[in-house]
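*Asks:* Sending over model34.cif (mmCIF, N, CA and C atoms).
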```cif
data_structure
loop_
_atom_site.label_atom_id
_atom_site.label_comp_id
_atom_site.auth_asym_id
_atom_site.auth_seq_id
_atom_site.Cartn_x
_atom_site.Cartn_y
_atom_site.Cartn_z
N MET G 273 191.15 41.93 -101.25
CA MET G 273 191.82 42.54 -100.13
C MET G 273 193.31 42.23 -100.20
N PRO G 274 194.18 43.26 -100.07
CA PRO G 274 195.63 43.02 -100.14
C PRO G 274 196.10 42.17 -98.97
N ARG G 275 197.09 41.37 -99.28
CA ARG G 275 197.67 40.51 -98.26
C ARG G 275 198.52 41.33 -97.29
N ALA G 276 198.40 41.06 -96.00
CA ALA G 276 199.19 41.79 -94.99
C ALA G 276 200.65 41.39 -95.09
N LYS G 277 201.53 42.37 -94.98
CA LYS G 277 202.96 42.10 -94.98
C LYS G 277 203.35 41.39 -93.70
N ARG G 278 204.22 40.42 -93.84
CA ARG G 278 204.73 39.72 -92.67
C ARG G 278 205.70 40.63 -91.93
N ALA G 279 205.53 40.73 -90.64
CA ALA G 279 206.42 41.57 -89.84
C ALA G 279 207.83 40.99 -89.87
N THR G 280 208.81 41.87 -89.96
CA THR G 280 210.20 41.43 -89.94
C THR G 280 210.73 41.53 -88.52
N SER G 281 211.75 40.77 -88.26
CA SER G 281 212.40 40.80 -86.95
C SER G 281 213.84 41.25 -87.16
N ARG G 282 214.26 42.26 -86.42
CA ARG G 282 215.61 42.80 -86.55
C ARG G 282 216.37 42.53 -85.26
N VAL G 283 217.61 42.02 -85.40
CA VAL G 283 218.43 41.66 -84.25
C VAL G 283 219.78 42.38 -84.34
N LEU G 284 220.20 42.96 -83.23
CA LEU G 284 221.53 43.56 -83.09
C LEU G 284 222.38 42.59 -82.28
N GLY G 285 223.48 42.13 -82.85
CA GLY G 285 224.41 41.26 -82.14
C GLY G 285 225.66 42.03 -81.79
N ILE G 286 226.16 41.82 -80.57
CA ILE G 286 227.33 42.55 -80.10
C ILE G 286 228.39 41.57 -79.61
N ASP G 287 229.63 41.79 -80.06
CA ASP G 287 230.79 41.03 -79.61
C ASP G 287 231.64 42.00 -78.80
N PRO G 288 231.49 41.99 -77.47
CA PRO G 288 232.12 43.02 -76.65
C PRO G 288 233.63 42.92 -76.56
N GLY G 289 234.24 44.07 -76.43
CA GLY G 289 235.67 44.18 -76.22
C GLY G 289 235.98 45.62 -75.86
N LEU G 290 237.00 45.84 -75.10
CA LEU G 290 237.33 47.19 -74.67
C LEU G 290 237.97 48.00 -75.79
N ALA G 291 238.88 47.40 -76.54
CA ALA G 291 239.53 48.10 -77.65
C ALA G 291 238.67 48.06 -78.91
N THR G 292 238.04 46.92 -79.15
CA THR G 292 237.21 46.74 -80.34
C THR G 292 235.94 45.99 -79.96
N THR G 293 234.81 46.60 -80.18
CA THR G 293 233.52 45.97 -79.97
C THR G 293 232.89 45.77 -81.35
N GLY G 294 232.67 44.52 -81.70
CA GLY G 294 232.06 44.23 -82.99
C GLY G 294 230.55 44.23 -82.88
N TYR G 295 229.88 44.53 -83.99
CA TYR G 295 228.42 44.47 -84.01
C TYR G 295 227.93 44.07 -85.39
N GLY G 296 226.74 43.50 -85.40
CA GLY G 296 226.08 43.15 -86.65
C GLY G 296 224.58 43.27 -86.47
N VAL G 297 223.92 43.69 -87.51
CA VAL G 297 222.46 43.80 -87.49
C VAL G 297 221.93 42.94 -88.63
N ILE G 298 221.04 42.00 -88.28
CA ILE G 298 220.41 41.18 -89.30
C ILE G 298 218.90 41.34 -89.20
N GLU G 299 218.26 41.03 -90.30
CA GLU G 299 216.81 41.15 -90.35
C GLU G 299 216.24 39.90 -91.00
N GLU G 300 215.22 39.34 -90.35
CA GLU G 300 214.53 38.20 -90.93
C GLU G 300 213.49 38.72 -91.91
N ARG G 301 213.55 38.21 -93.11
CA ARG G 301 212.61 38.59 -94.16
C ARG G 301 212.06 37.32 -94.78
N PRO G 302 210.98 37.42 -95.47
CA PRO G 302 210.48 36.22 -96.15
C PRO G 302 211.59 35.62 -97.02
N GLY G 303 211.87 34.36 -96.81
CA GLY G 303 212.91 33.70 -97.59
C GLY G 303 214.26 33.63 -96.91
N GLY G 304 214.43 34.26 -95.76
CA GLY G 304 215.71 34.15 -95.08
C GLY G 304 216.10 35.40 -94.30
N TYR G 305 217.40 35.52 -94.09
CA TYR G 305 217.96 36.63 -93.32
C TYR G 305 218.79 37.54 -94.22
N THR G 306 218.83 38.81 -93.87
CA THR G 306 219.61 39.79 -94.61
C THR G 306 220.47 40.57 -93.64
N VAL G 307 221.73 40.78 -94.02
CA VAL G 307 222.62 41.62 -93.21
C VAL G 307 222.26 43.07 -93.49
N VAL G 308 221.96 43.81 -92.43
CA VAL G 308 221.59 45.21 -92.54
C VAL G 308 222.80 46.11 -92.33
N ASP G 309 223.63 45.77 -91.35
CA ASP G 309 224.79 46.60 -91.02
C ASP G 309 225.76 45.74 -90.21
N ALA G 310 227.03 46.09 -90.26
CA ALA G 310 228.04 45.42 -89.46
C ALA G 310 229.25 46.34 -89.35
N GLY G 311 229.98 46.21 -88.26
CA GLY G 311 231.16 47.04 -88.11
C GLY G 311 231.77 46.89 -86.74
N VAL G 312 232.61 47.84 -86.38
CA VAL G 312 233.28 47.83 -85.08
C VAL G 312 233.22 49.21 -84.44
N ILE G 313 233.22 49.19 -83.14
CA ILE G 313 233.36 50.40 -82.33
C ILE G 313 234.75 50.29 -81.72
N THR G 314 235.59 51.28 -81.96
CA THR G 314 236.95 51.21 -81.44
C THR G 314 237.19 52.31 -80.40
N THR G 315 238.08 52.00 -79.48
CA THR G 315 238.49 52.98 -78.48
C THR G 315 240.01 53.02 -78.46
N GLY G 316 240.55 54.16 -78.06
CA GLY G 316 242.00 54.33 -78.03
C GLY G 316 242.64 53.79 -76.78
N ALA G 317 243.79 53.18 -76.94
CA ALA G 317 244.51 52.60 -75.81
C ALA G 317 244.92 53.65 -74.79
N ARG G 318 245.05 54.91 -75.21
CA ARG G 318 245.47 55.98 -74.29
C ARG G 318 244.29 56.64 -73.57
N GLU G 319 243.08 56.24 -73.95
CA GLU G 319 241.89 56.79 -73.27
C GLU G 319 241.73 56.12 -71.91
N SER G 320 241.13 56.84 -70.98
CA SER G 320 240.86 56.25 -69.66
C SER G 320 239.80 55.16 -69.81
N PHE G 321 239.74 54.29 -68.84
CA PHE G 321 238.76 53.22 -68.84
C PHE G 321 237.35 53.79 -68.97
N GLY G 322 237.07 54.85 -68.20
CA GLY G 322 235.76 55.49 -68.25
C GLY G 322 235.43 56.08 -69.61
N GLN G 323 236.42 56.70 -70.24
CA GLN G 323 236.21 57.27 -71.57
C GLN G 323 235.89 56.18 -72.59
N ARG G 324 236.59 55.07 -72.45
CA ARG G 324 236.37 53.95 -73.38
C ARG G 324 234.96 53.39 -73.22
N LEU G 325 234.53 53.20 -71.98
CA LEU G 325 233.17 52.70 -71.74
C LEU G 325 232.14 53.69 -72.25
N ASP G 326 232.40 54.98 -72.07
CA ASP G 326 231.48 56.01 -72.54
C ASP G 326 231.35 55.98 -74.06
N THR G 327 232.47 55.78 -74.76
CA THR G 327 232.44 55.69 -76.22
C THR G 327 231.62 54.49 -76.68
N ILE G 328 231.86 53.34 -76.05
CA ILE G 328 231.12 52.13 -76.41
C ILE G 328 229.62 52.33 -76.14
N TYR G 329 229.30 52.93 -75.01
CA TYR G 329 227.90 53.20 -74.66
C TYR G 329 227.24 54.12 -75.70
N ALA G 330 227.90 55.22 -76.01
CA ALA G 330 227.32 56.20 -76.93
C ALA G 330 227.13 55.61 -78.33
N GLU G 331 228.12 54.87 -78.81
CA GLU G 331 228.02 54.28 -80.15
C GLU G 331 226.95 53.18 -80.19
N THR G 332 226.85 52.39 -79.13
CA THR G 332 225.82 51.35 -79.07
C THR G 332 224.44 51.97 -79.02
N LYS G 333 224.30 53.02 -78.24
CA LYS G 333 223.02 53.73 -78.15
C LYS G 333 222.62 54.29 -79.52
N ALA G 334 223.59 54.82 -80.26
CA ALA G 334 223.32 55.35 -81.61
C ALA G 334 222.88 54.23 -82.56
N LEU G 335 223.51 53.05 -82.44
CA LEU G 335 223.11 51.91 -83.27
C LEU G 335 221.68 51.49 -82.99
N ILE G 336 221.32 51.46 -81.72
CA ILE G 336 219.95 51.08 -81.34
C ILE G 336 218.95 52.10 -81.87
N LYS G 337 219.29 53.36 -81.78
CA LYS G 337 218.40 54.41 -82.28
C LYS G 337 218.25 54.32 -83.81
N LYS G 338 219.35 54.04 -84.49
CA LYS G 338 219.34 53.97 -85.96
C LYS G 338 218.59 52.74 -86.47
N HIS G 339 218.83 51.58 -85.87
CA HIS G 339 218.30 50.33 -86.42
C HIS G 339 217.03 49.82 -85.74
N ARG G 340 216.72 50.31 -84.56
CA ARG G 340 215.51 49.91 -83.84
C ARG G 340 215.33 48.39 -83.78
N PRO G 341 216.32 47.68 -83.21
CA PRO G 341 216.22 46.21 -83.17
C PRO G 341 215.10 45.74 -82.25
N HIS G 342 214.54 44.58 -82.59
CA HIS G 342 213.53 43.95 -81.74
C HIS G 342 214.19 43.17 -80.61
N LYS G 343 215.41 42.70 -80.90
CA LYS G 343 216.17 41.92 -79.92
C LYS G 343 217.64 42.30 -80.00
N VAL G 344 218.36 42.06 -78.89
CA VAL G 344 219.80 42.29 -78.84
C VAL G 344 220.45 41.06 -78.23
N GLY G 345 221.51 40.58 -78.86
CA GLY G 345 222.27 39.46 -78.33
C GLY G 345 223.70 39.90 -78.07
N ILE G 346 224.25 39.48 -76.93
CA ILE G 346 225.62 39.84 -76.58
C ILE G 346 226.41 38.56 -76.37
N GLU G 347 227.55 38.45 -77.05
CA GLU G 347 228.37 37.26 -76.92
C GLU G 347 228.85 37.11 -75.48
N GLN G 348 228.76 35.89 -75.00
CA GLN G 348 229.18 35.59 -73.63
C GLN G 348 230.68 35.31 -73.62
N LEU G 349 231.36 35.82 -72.61
CA LEU G 349 232.78 35.53 -72.43
C LEU G 349 232.89 34.12 -71.85
N PHE G 350 233.47 33.20 -72.62
CA PHE G 350 233.55 31.81 -72.19
C PHE G 350 234.77 31.53 -71.32
N PHE G 351 235.87 32.14 -71.65
CA PHE G 351 237.09 31.91 -70.88
C PHE G 351 238.03 33.08 -71.07
N ALA G 352 238.95 33.19 -70.16
CA ALA G 352 239.97 34.23 -70.29
C ALA G 352 241.21 33.77 -69.54
N LYS G 353 242.34 33.91 -70.17
CA LYS G 353 243.59 33.55 -69.51
C LYS G 353 244.03 34.66 -68.57
N ASN G 354 243.68 35.91 -68.92
CA ASN G 354 244.08 37.06 -68.13
C ASN G 354 242.87 37.57 -67.36
N VAL G 355 242.92 37.48 -66.04
CA VAL G 355 241.79 37.88 -65.20
C VAL G 355 241.47 39.36 -65.37
N THR G 356 242.48 40.20 -65.48
CA THR G 356 242.26 41.65 -65.66
C THR G 356 241.48 41.91 -66.94
N THR G 357 241.85 41.23 -68.01
CA THR G 357 241.13 41.39 -69.29
C THR G 357 239.69 40.92 -69.14
N ALA G 358 239.48 39.81 -68.49
CA ALA G 358 238.12 39.29 -68.30
C ALA G 358 237.25 40.30 -67.55
N PHE G 359 237.78 40.92 -66.53
CA PHE G 359 237.01 41.91 -65.78
C PHE G 359 236.72 43.14 -66.63
N SER G 360 237.69 43.59 -67.41
CA SER G 360 237.50 44.76 -68.27
C SER G 360 236.43 44.52 -69.31
N VAL G 361 236.49 43.38 -69.98
CA VAL G 361 235.49 43.06 -71.00
C VAL G 361 234.12 42.88 -70.35
N GLY G 362 234.10 42.33 -69.16
CA GLY G 362 232.83 42.13 -68.43
C GLY G 362 232.13 43.43 -68.08
N GLN G 363 232.89 44.51 -67.97
CA GLN G 363 232.27 45.80 -67.65
C GLN G 363 231.31 46.18 -68.74
#
```
Would you encode the structure as structure tokens?
*Replies:*
Amino acid sequence: MPRAKRATSRVLGIDPGLATTGYGVIEERPGGYTVVDAGVITTGARESFGQRLDTIYAETKALIKKHRPHKVGIEQLFFAKNVTTAFSVGQ
């Protein structure tokens, strides 16, 4: 009887930002982890706040559809010197 394949676990990690949102997709495989994809989602400084959020949403949704992660991790904002920036990134 053939041996059953071990299920892999795929994780999408997101480093949020209004101008640049970083992402990485890793997969656990027998013997370790493999990078599946990585990159950035960028928005234009002249775009409205709503347009920028919409771009980030649409691109993130496309990543989830493409990679079908089992889990998603989002980097937590630990500190911010500029309160306005902290609120924007928090959105």
*Asks:* Using Å and a single decimal, report how far atom C of Lys338 (chain G) sits from atom N of Leu325 (chain G).
*Replies:*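 These two atoms are separated by 21.5 Å.
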*Asks:* What separation in Å, quoted to one decimal, exists between CA of Asp309 (chain G) and CA of Gly296 (chain G)?
*Replies:* 5.7 Å
*Asks:* Enter the distance from CA of Glu331 (chain G) to CA of Thr315 (chain G), in Å, rounded to one decimal.
*Replies:*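 Answer for the CA of Glu331 (chain G) to CA of Thr315 (chain G) separation: 10.7 Å.
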*Asks:* Decode the PyMOL selection byres ((chain G and resi 308) around 8) for the given file into explicit residues and return them as number ranges by chain.
*Replies:* G: 296-299, 305-307, 309-310
*Asks:* Contacts of region 344-346 of chain G at 6 Å or less, counting all atoms listed in the file, minus same-chain residues fewer than 4 places along, as a PyMOL selection string?
*Replies:* chain G and resi 283-287
*Asks:* Need the shell around Phe321 (chain G): protein/DNA/RNA residues with any atom at most 9 Å away, counting only C-alpha atoms. Skip same-chain ones fewer than 3 positions apart. Format as a PyMOL selection string?
*Replies:* chain G and resi 290+324-326+360
*Asks:* Taking all atoms listed in the file into account, which of G:Ile328, G:Val312, G:Ala317, G:Ala334 comes nearest Thr293 (chain G)?
*Replies:*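 The closest residue to Thr293 (chain G) is G:Val312.
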*Asks:* Taking the file as shown, what set of residues would the PyMOL selection byres (((chain G and resi 314 and name CA) around 6) and name CA) give back, as an MDAnalysis selection string?
*Replies:* chainID G and resid 291:292 313 315
*Asks:* According to DSSP computed on the backbone, where in region 289-330 of chain G is there alpha helix (DSSP H)? Give the residues as a list in words.
*Replies:*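 Across region 289-330 of chain G, those assigned alpha helix (DSSP H) are Phe321, Gly322, Gln323, Arg324, Leu325, Asp326, Thr327, Ile328, Tyr329 and Ala330 of chain G.
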*Asks:* Export, as a compact mmCIF listing (two decimals), in the frame of the given file, the selected residues with N, CA and C atoms.
*Replies:*
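Written output follows (result.txt):
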```
# COMPACT_ATOMS: atom_id res chain seq x y z
N PHE G 321 239.74 54.29 -68.84
CA PHE G 321 238.76 53.22 -68.84
C PHE G 321 237.35 53.79 -68.97
N GLY G 322 237.07 54.85 -68.20
CA GLY G 322 235.76 55.49 -68.25
C GLY G 322 235.43 56.08 -69.61
N GLN G 323 236.42 56.70 -70.24
CA GLN G 323 236.21 57.27 -71.57
C GLN G 323 235.89 56.18 -72.59
N ARG G 324 236.59 55.07 -72.45
CA ARG G 324 236.37 53.95 -73.38
C ARG G 324 234.96 53.39 -73.22
N LEU G 325 234.53 53.20 -71.98
CA LEU G 325 233.17 52.70 -71.74
C LEU G 325 232.14 53.69 -72.25
N ASP G 326 232.40 54.98 -72.07
CA ASP G 326 231.48 56.01 -72.54
C ASP G 326 231.35 55.98 -74.06
N THR G 327 232.47 55.78 -74.76
CA THR G 327 232.44 55.69 -76.22
C THR G 327 231.62 54.49 -76.68
N ILE G 328 231.86 53.34 -76.05
CA ILE G 328 231.12 52.13 -76.41
C ILE G 328 229.62 52.33 -76.14
N TYR G 329 229.30 52.93 -75.01
CA TYR G 329 227.90 53.20 -74.66
C TYR G 329 227.24 54.12 -75.70
N ALA G 330 227.90 55.22 -76.01
CA ALA G 330 227.32 56.20 -76.93
C ALA G 330 227.13 55.61 -78.33
```
*Asks:* Which residue, G:Pro302, G:Gly316, G:Gly311, G:Gly294, has the smallest gap to Thr280 (chain G) when you use all atoms listed in the file?
*Replies:*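 Among the listed residues, G:Pro302 lies closest to Thr280 (chain G).
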*Asks:* Which centre and which edge lengths, in Å to one decimal, describe the axis-aligned box that holds all listed atoms of region 307-314 of chain G after 4 Å is added on each side, as JSON?
*Replies:*
```
{"center_x": 229.4, "center_y": 46.5, "center_z": -87.2, "size_x": 23.6, "size_y": 19.5, "size_z": 21.6}
```
*Asks:* Generate the missing atoms of region 317-341 of chain G up to N, CA, C and O atoms and report them as an mmCIF file, keeping the file's coordinate frame.
*Replies:*
```cif
data_model
loop_
_atom_site.group_PDB
_atom_site.id
_atom_site.type_symbol
_atom_site.label_atom_id
_atom_site.label_comp_id
_atom_site.auth_asym_id
_atom_site.auth_seq_id
_atom_site.Cartn_x
_atom_site.Cartn_y
_atom_site.Cartn_z
ATOM 1 N N ALA G 317 243.790 53.180 -76.940
ATOM 2 C CA ALA G 317 244.510 52.600 -75.810
ATOM 3 C C ALA G 317 244.920 53.650 -74.790
ATOM 4 O O ALA G 317 245.090 53.350 -73.608
ATOM 5 N N ARG G 318 245.050 54.910 -75.210
ATOM 6 C CA ARG G 318 245.470 55.980 -74.290
ATOM 7 C C ARG G 318 244.290 56.640 -73.570
ATOM 8 O O ARG G 318 244.490 57.479 -72.702
ATOM 9 N N GLU G 319 243.080 56.240 -73.950
ATOM 10 C CA GLU G 319 241.890 56.790 -73.270
ATOM 11 C C GLU G 319 241.730 56.120 -71.910
ATOM 12 O O GLU G 319 242.141 54.973 -71.728
ATOM 13 N N SER G 320 241.130 56.840 -70.980
ATOM 14 C CA SER G 320 240.860 56.250 -69.660
ATOM 15 C C SER G 320 239.800 55.160 -69.810
ATOM 16 O O SER G 320 239.053 55.125 -70.799
ATOM 17 N N PHE G 321 239.740 54.290 -68.840
ATOM 18 C CA PHE G 321 238.760 53.220 -68.840
ATOM 19 C C PHE G 321 237.350 53.790 -68.970
ATOM 20 O O PHE G 321 236.542 53.321 -69.765
ATOM 21 N N GLY G 322 237.070 54.850 -68.200
ATOM 22 C CA GLY G 322 235.760 55.490 -68.250
ATOM 23 C C GLY G 322 235.430 56.080 -69.610
ATOM 24 O O GLY G 322 234.303 55.965 -70.092
ATOM 25 N N GLN G 323 236.420 56.700 -70.240
ATOM 26 C CA GLN G 323 236.210 57.270 -71.570
ATOM 27 C C GLN G 323 235.890 56.180 -72.590
ATOM 28 O O GLN G 323 235.043 56.353 -73.459
ATOM 29 N N ARG G 324 236.590 55.070 -72.450
ATOM 30 C CA ARG G 324 236.370 53.950 -73.380
ATOM 31 C C ARG G 324 234.960 53.390 -73.220
ATOM 32 O O ARG G 324 234.266 53.143 -74.210
ATOM 33 N N LEU G 325 234.530 53.200 -71.980
ATOM 34 C CA LEU G 325 233.170 52.700 -71.740
ATOM 35 C C LEU G 325 232.140 53.690 -72.250
ATOM 36 O O LEU G 325 231.109 53.299 -72.819
ATOM 37 N N ASP G 326 232.400 54.980 -72.070
ATOM 38 C CA ASP G 326 231.480 56.010 -72.540
ATOM 39 C C ASP G 326 231.350 55.980 -74.060
ATOM 40 O O ASP G 326 230.248 56.113 -74.607
ATOM 41 N N THR G 327 232.470 55.780 -74.760
ATOM 42 C CA THR G 327 232.440 55.690 -76.220
ATOM 43 C C THR G 327 231.620 54.490 -76.680
ATOM 44 O O THR G 327 230.763 54.596 -77.566
ATOM 45 N N ILE G 328 231.860 53.340 -76.050
ATOM 46 C CA ILE G 328 231.120 52.130 -76.410
ATOM 47 C C ILE G 328 229.620 52.330 -76.140
ATOM 48 O O ILE G 328 228.777 51.972 -76.959
ATOM 49 N N TYR G 329 229.300 52.930 -75.010
ATOM 50 C CA TYR G 329 227.900 53.200 -74.660
ATOM 51 C C TYR G 329 227.240 54.120 -75.700
ATOM 52 O O TYR G 329 226.158 53.824 -76.210
ATOM 53 N N ALA G 330 227.900 55.220 -76.010
ATOM 54 C CA ALA G 330 227.320 56.200 -76.930
ATOM 55 C C ALA G 330 227.130 55.610 -78.330
ATOM 56 O O ALA G 330 226.077 55.826 -78.961
ATOM 57 N N GLU G 331 228.120 54.870 -78.810
ATOM 58 C CA GLU G 331 228.020 54.280 -80.150
ATOM 59 C C GLU G 331 226.950 53.180 -80.190
ATOM 60 O O GLU G 331 226.222 53.063 -81.184
ATOM 61 N N THR G 332 226.850 52.390 -79.130
ATOM 62 C CA THR G 332 225.820 51.350 -79.070
ATOM 63 C C THR G 332 224.440 51.970 -79.020
ATOM 64 O O THR G 332 223.505 51.515 -79.695
ATOM 65 N N LYS G 333 224.300 53.020 -78.240
ATOM 66 C CA LYS G 333 223.020 53.730 -78.150
ATOM 67 C C LYS G 333 222.620 54.290 -79.520
ATOM 68 O O LYS G 333 221.460 54.194 -79.928
ATOM 69 N N ALA G 334 223.590 54.820 -80.260
ATOM 70 C CA ALA G 334 223.320 55.350 -81.610
ATOM 71 C C ALA G 334 222.880 54.230 -82.560
ATOM 72 O O ALA G 334 221.986 54.424 -83.397
ATOM 73 N N LEU G 335 223.510 53.050 -82.440
ATOM 74 C CA LEU G 335 223.110 51.910 -83.270
ATOM 75 C C LEU G 335 221.680 51.490 -82.990
ATOM 76 O O LEU G 335 220.913 51.198 -83.912
ATOM 77 N N ILE G 336 221.320 51.460 -81.720
ATOM 78 C CA ILE G 336 219.950 51.080 -81.340
ATOM 79 C C ILE G 336 218.950 52.100 -81.870
ATOM 80 O O ILE G 336 217.900 51.731 -82.414
ATOM 81 N N LYS G 337 219.290 53.360 -81.780
ATOM 82 C CA LYS G 337 218.400 54.410 -82.280
ATOM 83 C C LYS G 337 218.250 54.320 -83.810
ATOM 84 O O LYS G 337 217.167 54.468 -84.352
ATOM 85 N N LYS G 338 219.350 54.040 -84.490
ATOM 86 C CA LYS G 338 219.340 53.970 -85.960
ATOM 87 C C LYS G 338 218.590 52.740 -86.470
ATOM 88 O O LYS G 338 217.791 52.845 -87.406
ATOM 89 N N HIS G 339 218.830 51.580 -85.870
ATOM 90 C CA HIS G 339 218.300 50.330 -86.420
ATOM 91 C C HIS G 339 217.030 49.820 -85.740
ATOM 92 O O HIS G 339 216.369 48.939 -86.268
ATOM 93 N N ARG G 340 216.720 50.310 -84.560
ATOM 94 C CA ARG G 340 215.510 49.910 -83.840
ATOM 95 C C ARG G 340 215.330 48.390 -83.780
ATOM 96 O O ARG G 340 214.334 47.844 -84.251
ATOM 97 N N PRO G 341 216.320 47.680 -83.210
ATOM 98 C CA PRO G 341 216.220 46.210 -83.170
ATOM 99 C C PRO G 341 215.100 45.740 -82.250
ATOM 100 O O PRO G 341 214.757 46.409 -81.276
#
```
